[in-house]
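Each remark here refers to the structure printed beneath this line.
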Amino acid sequence: MEPELTGLATYKELHNLVAEIEALIEPYDPLDLIASFAFENLAYSTANELPDNGGQAFVEYLVALCLKKKASSGRSRSIPPSTITNLQEKIQRLFSSVALRRGMRSQSSSPIDKTRRHAELMFLSIRNLDDFDHLETMLLSLLDDRAGSAALLDAHLRFRAVAAVRLASTIGDVLDEKLAVRRLVGQDLLQKLRQDCADQSVQIPDELKQFLSQARTDEEQQSALLGYVAKETFASFGDVYSFQPAAIADKLSLDLKDTSTLLDAFSMKFGEVAADYILPSPSHEFLFRPIIKSDRGYFCPIPDLLLWSVRPRLEELFKTNQDVWDQYQKARGEFLVEQGAALFRSILPTATVLTKLKYWSTQFSKDSSLREYELDLAVVFNGILFLVECKGGTLPTEARRGKGRPTKDALEDLVMEPATQLDRARKHIDASPNASFQLPSGVSIIIDRASFDLRFLVALTLEDVNLFIADPEHLAILEGFADEHLPWIVNLLTLQAIAQFIQFPGEFVHYVSRRLKLNLLKKVRAVEELDYFGCYLDSGLHFDEQKIAEFTDVALDGFTEPIEAYRRFETGRSIVSVEKPAQKFPPVLSAILSDLRRMDSRPALQTSMLLLDMDGATRMQVANTVEDLRGKAVVDRKLHDFSILRKDGTAGFTFMVAADLSRQEVVDRLAAWCQMKMETTGAQNWCGITSLVGSRYVADACLFAKA
């Protein structure tokens, strides 16, 4: 492949760069070096801006290089800032070169091969898309005593599983306390040295004298003083990130023995990384055991990574006992179905949510025999049907590395299998006007095909598979599925985040509708689902096909930032006040949408969908016209109306306001008017809203008509 990659760094050049990095590492205590490097790359950075991306992956890579060798004593514990800067530059350059080589590799025409190569490249530097606090809450709920499973799991682990979840925040608290102490020490030292420098009778350290002798101005002297204080404050910095079991045992309500067992389960030692480890990898052992155990105690440079590692690491331990693993898998599956059902009830409060459905059919067996099938969730809401399959599996390490067979197996488990199950349930419903299902209680449920206007297929996962399938192009792995029948694949925490920012049920239905249309457009893509949702809150996820025709791709980026900033503020991880992200509506349109939510009917939902489908300019036009007509009706007591036809001509909307007519009279006139508008325009659907002067509501009634 070398001839195809002309101009890129060769492997020899990359290995030489790694040798330079290892030479920089050699003189220093590894824990102090890692601590200083982590401090500059992660949330505790002294820099004005953190690296745009890859900062955590850079720290992981440095750790892996340090863990290749046995820790030696007598190394320098004072890390010069120039060393950190030099390491940063070289590691960043190494990652860029490795990513470029992997991104430029010739790719197979196989959809799975394209998908796995994309994921391999993304996993190289993207980390922890899930929100820390909400991930912690989810894991605590997952590992709580579900059907009596906790006792079995804890006995197998020899520590409480929920303590593993709390370990990351507990270590983070210890780290915060130690950093606060160091900062106070630094502030006190700075104040003392300023006084000593002003008093010529006081002897100051020789090294500081040397620093100050090189300064020519007062400003340079202050800078030299601050540099010296920083050097002294952050010397032996590994001690800040290190701790003993006793420091966290009480906080976790564990004895010292169980605490040590817990820490050992998530720890690595020096010398455990293979000596032939050279180039950055999309997955490595430190991702799953992110604590270093040394003769100085335990050392955790990335507490957030520790929380992310909890589920895959515990599952690895559960698999060593088949009974334990079977019990856990059962509890995990039930948890995901329960959580999914609870979220749909939260988003769509008046929906009918049915769980663990069974149905029988002859159309899916080769011999046409009657067979039993299952569907995890069916959600029926005002003419909308959601069919949901839940998958609790975890991506194996080899899949993150882009290995062929493990990646294919993971995609089959988390994407292809639920898609097949959903498509089968869809076909079962389509095969009959009244499809029959059975609840766990034995009660039969009929889904009337004529009772819903829209149907959505949803694959709900516990694992975040964004890097594999957030880009609609990668849904090509679902070969044989028509684009209009592709599922929306979303993980539990992302759905939870979306639920937090939905203002009313119709908005959620509309978002899923707009999101799935991107599968047909095949031009708009993002790395994660929340970028799509953030774009929806920002601008409705509207893409005019004519306006974007000249572009090959439209990449969404940065739309998660307002969501993440608000969630950090909401959970107390940031003191910066942030407004809750939400779609911005003209006040009168917001009032109409609230009134439609109050009506909570099939016509109300359809009308909401039509209004939400309007772009910003059209929404403003509608709002201004509504206010104008309502004002006229107050003055002249006459009936006023206006109508608007959607650009594609398939649907229209009429607003009618009256002063001296009864509610029913206005509704009857509106119905006749909507019918006439469909006949004259050729539209297939028409929505209408009535408004009565003097009413407390802007929208008093609505209707939805079909041609």
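The chains in the structure tokens are called A, B, ... from first to last as shown; in each chain the residues are counted from 1, and the ligands are counted from 1 in the order shown.
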| Near-Cys66 (chain A) list (8 Å; only C-alpha atoms; drop same-chain fewer than 4 positions) as a ChimeraX atom specification | /A:25,30,62,270
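Proximity to region 248-252 of chain A at 10 Å, evaluated using only C-alpha atoms and with sequence-adjacent residues fewer than 3 positions away removed, yields Arg160, Val162, Ala163, Ala164, Val165, Arg166, Leu167, Thr170, Ile171, Asp173, Val174, Phe243, Gln244, Pro245, Asp255, Leu256, Lys257, Asp258, Thr259 and Ser260 of chain A.
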| Which of region 381-612 of chain A counts as strand (DSSP E) under DSSP, as an MDAnalysis selection string please? | chainID A and resid 381 384:391 434:438 444:448 454:461 488:491 524:526 554:556
| task | Just the residues within 6 Å of Lys358 (chain A), please, counting only C-alpha atoms, with nothing from its chain fewer than 6 positions along; format it as a ChimeraX atom specification. | result | /A:373-374,437-438
What would the file look like if the residues just selected were written as a PDB file, in the first residue's frame with N, CA and C atoms?
ATOM      1  N   TYR A 373     -42.986 -14.859  17.296  1.00  0.00           N
ATOM      2  CA  TYR A 373     -41.991 -13.790  17.229  1.00  0.00           C
ATOM      3  C   TYR A 373     -42.268 -12.798  18.363  1.00  0.00           C
ATOM      4  N   GLU A 374     -41.291 -11.929  18.626  1.00  0.00           N
ATOM      5  CA  GLU A 374     -41.422 -10.982  19.731  1.00  0.00           C
ATOM      6  C   GLU A 374     -41.137  -9.556  19.271  1.00  0.00           C
ATOM      7  N   PHE A 437     -51.480  -8.995  18.371  1.00  0.00           N
ATOM      8  CA  PHE A 437     -50.333  -9.192  19.252  1.00  0.00           C
ATOM      9  C   PHE A 437     -50.847  -9.671  20.601  1.00  0.00           C
ATOM     10  N   GLN A 438     -49.961 -10.262  21.395  1.00  0.00           N
ATOM     11  CA  GLN A 438     -50.354 -10.732  22.718  1.00  0.00           C
ATOM     12  C   GLN A 438     -49.423 -10.162  23.770  1.00  0.00           C
TER      13      GLN A 438
END
For the interface of region 262-372 of chain A with region 117-134 of chain A (cut-off 10 Å, counting only C-alpha atoms), please tabulate each contacting residue of region 262-372 of chain A alongside its nearest pair of atoms and their separation in Å to one decimal, rows sorted by chain and increasing number, as a tab-separated table.
residue	atom	partner	partner_atom	distance
A:Pro280	CA	A:Leu124	CA	7.2
A:Ser281	CA	A:Leu124	CA	6.1
A:Pro282	CA	A:Leu124	CA	4.1
A:Ser283	CA	A:Phe123	CA	7.3
A:Leu287	CA	A:Arg127	CA	9.9
A:Asp304	CA	A:Phe132	CA	6.8
A:Leu305	CA	A:Asn128	CA	7.4
A:Leu307	CA	A:Phe132	CA	7.5
A:Trp308	CA	A:Asn128	CA	6.8
A:Ser309	CA	A:Asn128	CA	9.8
Residues of region 331-356 of chain A within 12 Å of region 458-477 of chain A: nearest atom pair and distance (Å, one decimal) for each, counting only C-alpha atoms, sorted by chain and number, as a Markdown table?
| residue | atom | partner | partner_atom | distance |
| --- | --- | --- | --- | --- |
| A:Arg332 | CA | A:Leu462 | CA | 9.0 |
| A:Gly333 | CA | A:Leu462 | CA | 9.3 |
| A:Glu334 | CA | A:Leu462 | CA | 11.6 |
| A:Phe335 | CA | A:Leu462 | CA | 9.7 |
| A:Leu336 | CA | A:Leu462 | CA | 6.9 |
| A:Val337 | CA | A:Leu460 | CA | 8.8 |
| A:Glu338 | CA | A:Leu460 | CA | 11.6 |
| A:Gln339 | CA | A:Leu460 | CA | 10.1 |
| A:Gly340 | CA | A:Leu460 | CA | 7.5 |
| A:Ala341 | CA | A:Leu460 | CA | 10.6 |
| A:Leu343 | CA | A:Leu460 | CA | 11.2 |
| A:Phe344 | CA | A:Leu460 | CA | 11.5 |
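The interatomic distance for the pair CA of Met609 (chain A) and CA of Ser513 (chain A) works out to 9.3 Å.
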| field | Contacts of Asp326 (chain A) within 12 Å, only C-alpha atoms, excl. fewer than 6 positions in-chain, as a PyMOL selection string | value | chain A and resi 149+152-153+315+318-320+332-333
| message | as a VMD selection string, please: every residue in region 264-461 of chain A that DSSP puts in alpha helix (DSSP H). | response | chain A and resid 264 to 265 303 to 318 322 to 347 397 to 400 404 to 411 417 to 430
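Each of A:Ser594, A:Thr560, A:Thr690, A:Ser574 was compared to Asp641 (chain A) using only C-alpha atoms, and A:Thr690 turns out to be the nearest.
Our summary of the geometry notes that CA of Gly271 (chain A) is positioned 27.8 Å from CA of Ala161 (chain A).
Residues in contact with Lys269 (chain A) at 6 Å, where only C-alpha atoms are counted and same-chain residues fewer than 3 positions away are skipped, are listed as A:Glu272, A:Ile292, A:Lys293.
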Go ahead and write the residues just picked, N, CA and C atoms, as an mmCIF file, in the first residue's frame.
data_model
loop_
_atom_site.group_PDB
_atom_site.id
_atom_site.type_symbol
_atom_site.label_atom_id
_atom_site.label_comp_id
_atom_site.auth_asym_id
_atom_site.auth_seq_id
_atom_site.Cartn_x
_atom_site.Cartn_y
_atom_site.Cartn_z
ATOM 1 N N GLU A 272 2.713 -3.994 32.048
ATOM 2 C CA GLU A 272 1.607 -4.785 31.509
ATOM 3 C C GLU A 272 1.314 -4.502 30.044
ATOM 4 N N ILE A 292 -3.723 3.130 37.516
ATOM 5 C CA ILE A 292 -2.373 2.554 37.579
ATOM 6 C C ILE A 292 -2.065 2.223 39.034
ATOM 7 N N LYS A 293 -1.634 0.993 39.256
ATOM 8 C CA LYS A 293 -1.236 0.575 40.596
ATOM 9 C C LYS A 293 0.281 0.529 40.650
#
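Residue nearest Lys178 (chain A), chosen from A:Gln606, A:Asn491, A:Thr233, A:Gln329 and counting only C-alpha atoms: A:Thr233.
Between CA of Pro505 (chain A) and CA of Ile347 (chain A) the interatomic distance comes to 5.9 Å.
Neighbouring residues of region 554-557 of chain A at 8 Å or closer, counting only C-alpha atoms and skipping chain neighbours under 6 positions away, are Lys523, Val524, Arg525, Ala526, Val527, Asp531, Tyr532, Cys535 and Ile548 of chain A.
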Let me see the file: selected residues, N, CA and C atoms, as a PDB file, in the first residue's frame.
ATOM      1  N   LYS A 523     -27.254  13.052   2.305  1.00  0.00           N
ATOM      2  CA  LYS A 523     -26.227  14.075   2.135  1.00  0.00           C
ATOM      3  C   LYS A 523     -25.798  14.699   3.442  1.00  0.00           C
ATOM      4  N   VAL A 524     -26.686  14.683   4.422  1.00  0.00           N
ATOM      5  CA  VAL A 524     -26.426  15.350   5.696  1.00  0.00           C
ATOM      6  C   VAL A 524     -25.939  14.321   6.701  1.00  0.00           C
ATOM      7  N   ARG A 525     -24.808  14.593   7.323  1.00  0.00           N
ATOM      8  CA  ARG A 525     -24.244  13.609   8.246  1.00  0.00           C
ATOM      9  C   ARG A 525     -23.612  14.276   9.462  1.00  0.00           C
ATOM     10  N   ALA A 526     -23.445  13.482  10.508  1.00  0.00           N
ATOM     11  CA  ALA A 526     -22.828  13.955  11.746  1.00  0.00           C
ATOM     12  C   ALA A 526     -22.164  12.779  12.426  1.00  0.00           C
ATOM     13  N   VAL A 527     -21.318  13.077  13.415  1.00  0.00           N
ATOM     14  CA  VAL A 527     -20.625  12.029  14.158  1.00  0.00           C
ATOM     15  C   VAL A 527     -21.536  11.427  15.218  1.00  0.00           C
ATOM     16  N   ASP A 531     -25.847  15.894  17.500  1.00  0.00           N
ATOM     17  CA  ASP A 531     -25.606  16.960  16.526  1.00  0.00           C
ATOM     18  C   ASP A 531     -26.833  17.150  15.641  1.00  0.00           C
ATOM     19  N   TYR A 532     -27.483  16.053  15.260  1.00  0.00           N
ATOM     20  CA  TYR A 532     -28.723  16.176  14.495  1.00  0.00           C
ATOM     21  C   TYR A 532     -29.789  16.876  15.341  1.00  0.00           C
ATOM     22  N   CYS A 535     -29.061  20.528  15.849  1.00  0.00           N
ATOM     23  CA  CYS A 535     -29.392  21.257  14.622  1.00  0.00           C
ATOM     24  C   CYS A 535     -30.902  21.446  14.526  1.00  0.00           C
ATOM     25  N   ILE A 548     -28.881  22.790  -1.377  1.00  0.00           N
ATOM     26  CA  ILE A 548     -27.676  22.008  -1.058  1.00  0.00           C
ATOM     27  C   ILE A 548     -27.261  21.098  -2.204  1.00  0.00           C
TER      28      ILE A 548
END
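Here the question is which of A:Ala64, A:Ala683, A:Ala672, A:Val512 gets nearest to Leu495 (chain A) using only C-alpha atoms, and that residue is A:Val512.
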